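Colleague: So that we are looking at the same thing, I have put the structure below in structure tokens.
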Amino acid sequence: MCGLYDKRFAIPDIPVSLSRNIRSILIALERFMQVSLSYRQIVKIAAPISLALVVPQVNHMTNTAFLGRLGDFELAANAIAGIYYLVMYMVAYGLNNGIQIMIARRAGENNYEGIGKVFSNGIFLCVAFSMLAIATTYIFAPAIFKASLHDAHIFDAAVSFIKIRIWGLPFLMLLGLANAFYIGSSHTKILIVTSLFQELFNIFFDYTLIFGKLGFSPLGLNGAAVASIIAEGIGCAVAFGMLFILKFYKRYYLFKSLRFRWNIAKHTLIVSAPLIVQYLFSIGSWMVFFIFIEHLGQRPLAISNMMRSIFGFFGIFTWALGATCNTMVSNLIGQGRQDDVFKAIRMIGALSLGCAVFVCTLLNIFPYTLLHIYTPDNSLITEAIPTIRVVSLSTVLTAIAAIVFNGVTGTGNTKVNLVIEFSAVICYLIYCEIVIEQWRKPLHWAWGSEFLYWLVVISLCLLYLRSGRWKNKQI
């Protein structure tokens with residue numbers, strides 16, 4: 001790869017020692033955004049992402065714990081509406097993940113202005129997609145819930161909740177865009193600051209609005225929706241504020257080209273669209289899973305909402321390392337170091353597996369203590385124990401499969417990700433239809449679907465990576 005230093009800088013009138021110093025400075029500048037392949041570099045990128053992910057998961061646990069004090073009904077309704085919102089957020093996540101890949105590739109190429117153009121166009125795309133998601137929710141969400149849910153009370157509560165909650169999506173999409181920049185350009189420490197601001201406000205307003213504390217009216221389930229919107233707005237403001245405070249907007253030309261450019265938007269969508277569809281498949285299938293669980297009754301749905309919170313919290317190390325793998329693979333390819341991609345995936349996978357084994361052990365030693373965070377109902381906790389055993393074991397398989405899957409994403413061939421996701425989801429839904437709907441097996445059998453899903457994912461990912469077809473992919 002061509003460096004910044006070449007013969008044009010070897011001016012005869014400059015002393016040799018000064019020329020060497022200039023060369024050292026130029027090489028250092030060239031490598032500023034290029035990652036190195038070491039455990040130290042992996043931890044440097046992943047640790048701030050992990051800390052940033054801990055905060056929202058703590059908030060989700062707190063939110064679920066607050067609603068659990070209201071009753072099983074609120075937990076059940078929140079499970080359905082929360083999964084629907086997660087489906088809508090996956091549009092944002094897919095778009096921002098594609099932008100993150102492109103930013104990481106430009107970082108590997110030391111193309112600062114290219115980063116700014118991708119980011120600027122991302123703002124327009126985020127606003128457009130969020131408005132589309134809000135309109136879709138108001139038009140179609142009631143019909144979707146009515147056609148799929150058996151309990152009329154859960155239906156009413158879920159519709160009321162989601163019509164409020166969806167207005168947080170524009171803030172969440174723009175926050176995700178800022179985070180994509182921070183991750184893609186290896187400034188991951190900023191994520192900790194933005195997450196802390198967001199989640200501290202979320203927990204405060206959860207407490208005051210759900211229960212009606214400090215002079216606020218008690219809003220119950222809807223209080224959680226309003227609290228989340230406020231917090232997402234604050235998180236978005238802090239994330240963009242940091243771009244100006246730390247002068248990133250100047251260094252990376254983030255707002256220099258603040259106008260819509262169709263050619264860049266088209267290129268962004270080519271990378272992001274398969275990811276958007278992929279995540280919609282993934283989380284959409286999870287929504288179908290929760291609808292299946294609702295058919296088993298309100299209590300299994302309440303337990304599953306707790307499992308979703310636990311699964312999310314203890315999966316933060318895996319997802320942080322997955323984001324790291326995505327960024328490092330794309331950056332290494334941008335440097336022309338395709339031969340180091342497998343080594344990067346192996347190193348990150350080893351760290352992920354170690355974290356997962358520790359988490360699995362912890363969950364199996366202290367399941368009662370953990371579940372008491374969510375509910376004081378001992379009978380509900382007893383019913384949840386077999387399921388938490390299954391969930392804890394699935395974290396080990398997820399730890400490896402998610403890293404490999406993010407490695408494929410980092411190659412930029414996102415259409416392959418879509419094919420892999422589609423294949424895994426089909427197998428997942430067939431399992432759910434047979435085991436839950438037809439055989440009516442206990443809840444822990446239903447959560448066994450996670451094993452099948454991730455087995456399909458890791459098998460297909462390894463086949464693709466070993467084929468070598470990704471090595472010359474340009475984005």
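So you can find residues: chains in the structure tokens are A, B, ... in the order shown, residues in each start at 1, and ligands are numbered from 1 in order.
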Quick one: everything within 9 Å of Ser36 (chain A), counting only C-alpha atoms, minus sequence neighbours fewer than 3 positions away in the same chain. Send it as a ChimeraX atom specification.
Modeller: /A:40-42,328,332
Colleague: Go ahead and save the residues from that selection, with C-alpha atoms, as a short mmCIF file (atom, residue, chain, number, x, y, z; two decimals), in the first residue's frame.
Modeller:
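Done, and the output landed in again.cif:
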data_model
loop_
_atom_site.label_atom_id
_atom_site.label_comp_id
_atom_site.auth_asym_id
_atom_site.auth_seq_id
_atom_site.Cartn_x
_atom_site.Cartn_y
_atom_site.Cartn_z
CA ARG A 40 -4.15 -5.01 23.47
CA GLN A 41 -5.72 -3.40 20.40
CA ILE A 42 -8.75 -5.71 20.62
CA MET A 328 -11.02 -4.73 12.75
CA LEU A 332 -7.43 -4.75 8.05
#
Colleague: Using only C-alpha atoms, which residues of region 378-466 of chain A come within 7 Å of region 336-357 of chain A, and what is the closest atom pair for each, with the distance in Å to one decimal? Give it as a tab-separated table, sorted by chain and residue number.
Modeller:
residue	atom	partner	partner_atom	distance
A:Thr395	CA	A:Ala356	CA	6.0
A:Val396	CA	A:Ala356	CA	5.1
A:Ala399	CA	A:Ser352	CA	5.4
A:Ile400	CA	A:Gly349	CA	5.6
A:Ile403	CA	A:Gly349	CA	5.9
A:Val404	CA	A:Ile345	CA	6.5
A:Gly407	CA	A:Ile345	CA	6.4
Colleague: Limited to N, CA and C atoms, could you put the picked residues into a file as a PDB file, in the first residue's frame?
Modeller:
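Result file follows (selection.pdb):
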ATOM      1  N   THR A 395     -25.347 -19.126  25.626  1.00  0.00           N
ATOM      2  CA  THR A 395     -24.406 -18.006  25.530  1.00  0.00           C
ATOM      3  C   THR A 395     -23.018 -18.465  25.078  1.00  0.00           C
ATOM      4  N   VAL A 396     -22.668 -19.721  25.382  1.00  0.00           N
ATOM      5  CA  VAL A 396     -21.344 -20.235  24.997  1.00  0.00           C
ATOM      6  C   VAL A 396     -21.265 -20.393  23.477  1.00  0.00           C
ATOM      7  N   ALA A 399     -21.292 -17.016  21.736  1.00  0.00           N
ATOM      8  CA  ALA A 399     -20.026 -16.286  21.873  1.00  0.00           C
ATOM      9  C   ALA A 399     -19.110 -16.502  20.680  1.00  0.00           C
ATOM     10  N   ILE A 400     -19.085 -17.721  20.152  1.00  0.00           N
ATOM     11  CA  ILE A 400     -18.232 -18.020  19.002  1.00  0.00           C
ATOM     12  C   ILE A 400     -18.928 -17.655  17.699  1.00  0.00           C
ATOM     13  N   ILE A 403     -19.122 -13.865  16.773  1.00  0.00           N
ATOM     14  CA  ILE A 403     -17.839 -13.297  16.345  1.00  0.00           C
ATOM     15  C   ILE A 403     -17.565 -13.644  14.886  1.00  0.00           C
ATOM     16  N   VAL A 404     -17.761 -14.905  14.541  1.00  0.00           N
ATOM     17  CA  VAL A 404     -17.533 -15.339  13.158  1.00  0.00           C
ATOM     18  C   VAL A 404     -18.492 -14.607  12.218  1.00  0.00           C
ATOM     19  N   GLY A 407     -17.363 -11.220  11.654  1.00  0.00           N
ATOM     20  CA  GLY A 407     -16.215 -11.262  10.761  1.00  0.00           C
ATOM     21  C   GLY A 407     -16.654 -11.245   9.310  1.00  0.00           C
TER      22      GLY A 407
END
Colleague: Identify, on the basis of only C-alpha atoms, every residue whose closest approach to Tyr253 (chain A) does not exceed 8 Å; exclude the query and any residue fewer than 4 positions from it along the same chain; express the result as a PyMOL selection string.
Modeller: chain A and resi 112-113+115-117+248-249+257
Colleague: Of the candidates A:Ala224, A:Leu196, A:Leu393, A:Ile388, which one gets nearest to Phe358 (chain A) if we count only C-alpha atoms?
Modeller: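 Ranked by minimum distance to Phe358 (chain A), first place goes to A:Leu393.
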Colleague: Could you give me the residues within region 206-374 of chain A that DSSP places in helix (DSSP H, G or I), as a PyMOL selection string?
Modeller: chain A and resi 206-211+221-245+248-251+262-296+298-314+316-334+338-365+367-371
Colleague: Please determine, counting only C-alpha atoms, which residue among A:Glu294, A:Glu109, A:Glu232, A:Glu199 has the shortest atom-to-atom distance to Leu75 (chain A).
Modeller: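 Checking each candidate against Leu75 (chain A), we get A:Glu294 as the closest.
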Colleague: Might you pull out every residue within 10 Å of Leu429 (chain A), with only C-alpha atoms counted and same-chain residues fewer than 3 positions away left off, and present them as a JSON list (two decimals) with N, CA and C atoms, in the first residue's frame?
Modeller:
[["chain", "number", "residue", "atom", "x", "y", "z"],
["A", 285, "SER", "N", -38.00, -12.71, 13.55],
["A", 285, "SER", "CA", -38.23, -14.10, 13.95],
["A", 285, "SER", "C", -38.34, -14.21, 15.46],
["A", 286, "TRP", "N", -37.61, -13.35, 16.16],
["A", 286, "TRP", "CA", -37.69, -13.32, 17.63],
["A", 286, "TRP", "C", -39.06, -12.82, 18.07],
["A", 288, "VAL", "N", -41.80, -13.28, 16.34],
["A", 288, "VAL", "CA", -42.68, -14.43, 16.11],
["A", 288, "VAL", "C", -42.53, -15.42, 17.27],
["A", 289, "PHE", "N", -41.30, -15.61, 17.72],
["A", 289, "PHE", "CA", -41.04, -16.49, 18.86],
["A", 289, "PHE", "C", -41.83, -16.04, 20.09],
["A", 424, "ALA", "N", -30.72, -19.43, 8.60],
["A", 424, "ALA", "CA", -30.81, -19.71, 10.03],
["A", 424, "ALA", "C", -32.22, -19.45, 10.56],
["A", 425, "VAL", "N", -32.83, -18.35, 10.09],
["A", 425, "VAL", "CA", -34.17, -17.99, 10.56],
["A", 425, "VAL", "C", -35.21, -19.02, 10.12],
["A", 426, "ILE", "N", -35.09, -19.52, 8.91],
["A", 426, "ILE", "CA", -36.03, -20.54, 8.44],
["A", 426, "ILE", "C", -35.97, -21.78, 9.34],
["A", 432, "CYS", "N", -39.59, -23.62, 16.02],
["A", 432, "CYS", "CA", -40.61, -23.00, 16.90],
["A", 432, "CYS", "C", -42.02, -23.50, 16.58],
["A", 433, "GLU", "N", -42.31, -23.63, 15.30],
["A", 433, "GLU", "CA", -43.64, -24.11, 14.89],
["A", 433, "GLU", "C", -43.89, -25.52, 15.40],
["A", 434, "ILE", "N", -42.88, -26.38, 15.27],
["A", 434, "ILE", "CA", -43.05, -27.78, 15.68],
["A", 434, "ILE", "C", -43.04, -27.92, 17.20],
["A", 435, "VAL", "N", -42.03, -27.35, 17.85],
["A", 435, "VAL", "CA", -41.82, -27.57, 19.29],
["A", 435, "VAL", "C", -42.83, -26.79, 20.14],
["A", 449, "SER", "N", -34.32, -23.24, 20.81],
["A", 449, "SER", "CA", -34.23, -22.80, 19.42],
["A", 449, "SER", "C", -32.97, -21.98, 19.17],
["A", 453, "TYR", "N", -30.37, -22.08, 15.81],
["A", 453, "TYR", "CA", -30.11, -20.85, 15.05],
["A", 453, "TYR", "C", -28.60, -20.60, 14.91]]
Colleague: Between A:Val390, A:Leu380, A:Ala402, A:Cys360, which one has atoms that come closest to Asp72 (chain A), using only C-alpha atoms?
Modeller: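 Answer, going by the shortest atom-to-atom distance: A:Leu380.
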Colleague: So which residues touch region 208-215 of chain A within 12 Å, counting only C-alpha atoms, skipping near sequence neighbours fewer than 6 positions away, as a PyMOL selection string?
Modeller: chain A and resi 62-70+74+201-202+221-228+230
Colleague: Write out as an mmCIF file with C-alpha atoms, in the first residue's frame which residues come within 7 Å of Thr327 (chain A) when counting only C-alpha atoms, dropping same-chain ones fewer than 4 positions away.
Modeller:
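Now in around-v6.cif:
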data_model
loop_
_atom_site.group_PDB
_atom_site.id
_atom_site.type_symbol
_atom_site.label_atom_id
_atom_site.label_comp_id
_atom_site.auth_asym_id
_atom_site.auth_seq_id
_atom_site.Cartn_x
_atom_site.Cartn_y
_atom_site.Cartn_z
ATOM 1 C CA ILE A 101 -18.239 -0.776 7.931
ATOM 2 C CA ALA A 104 -13.840 1.624 9.212
ATOM 3 C CA GLY A 184 -15.525 2.877 12.937
ATOM 4 C CA ALA A 323 -18.520 -4.986 16.891
ATOM 5 C CA ASN A 331 -9.939 -1.961 8.760
ATOM 6 C CA GLY A 410 -16.626 -6.858 8.218
#
Colleague: Closest to Ile229 (chain A) among A:Ile270, A:Asn179, A:Arg165, A:Val193, using only C-alpha atoms?
Modeller: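 Nearest to Ile229 (chain A): A:Arg165.
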Colleague: Using only C-alpha atoms, which of A:Gly448, A:Pro386, A:Gly322, A:Gly220 sits nearest Ala77 (chain A)?
Modeller: A:Gly220
Colleague: Just checking: using only C-alpha atoms, which residue out of A:Ile316, A:Leu177, A:Val359, A:Cys461 ends up closest to Gly235 (chain A)?
Modeller: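 Answer, going by the shortest atom-to-atom distance: A:Leu177.
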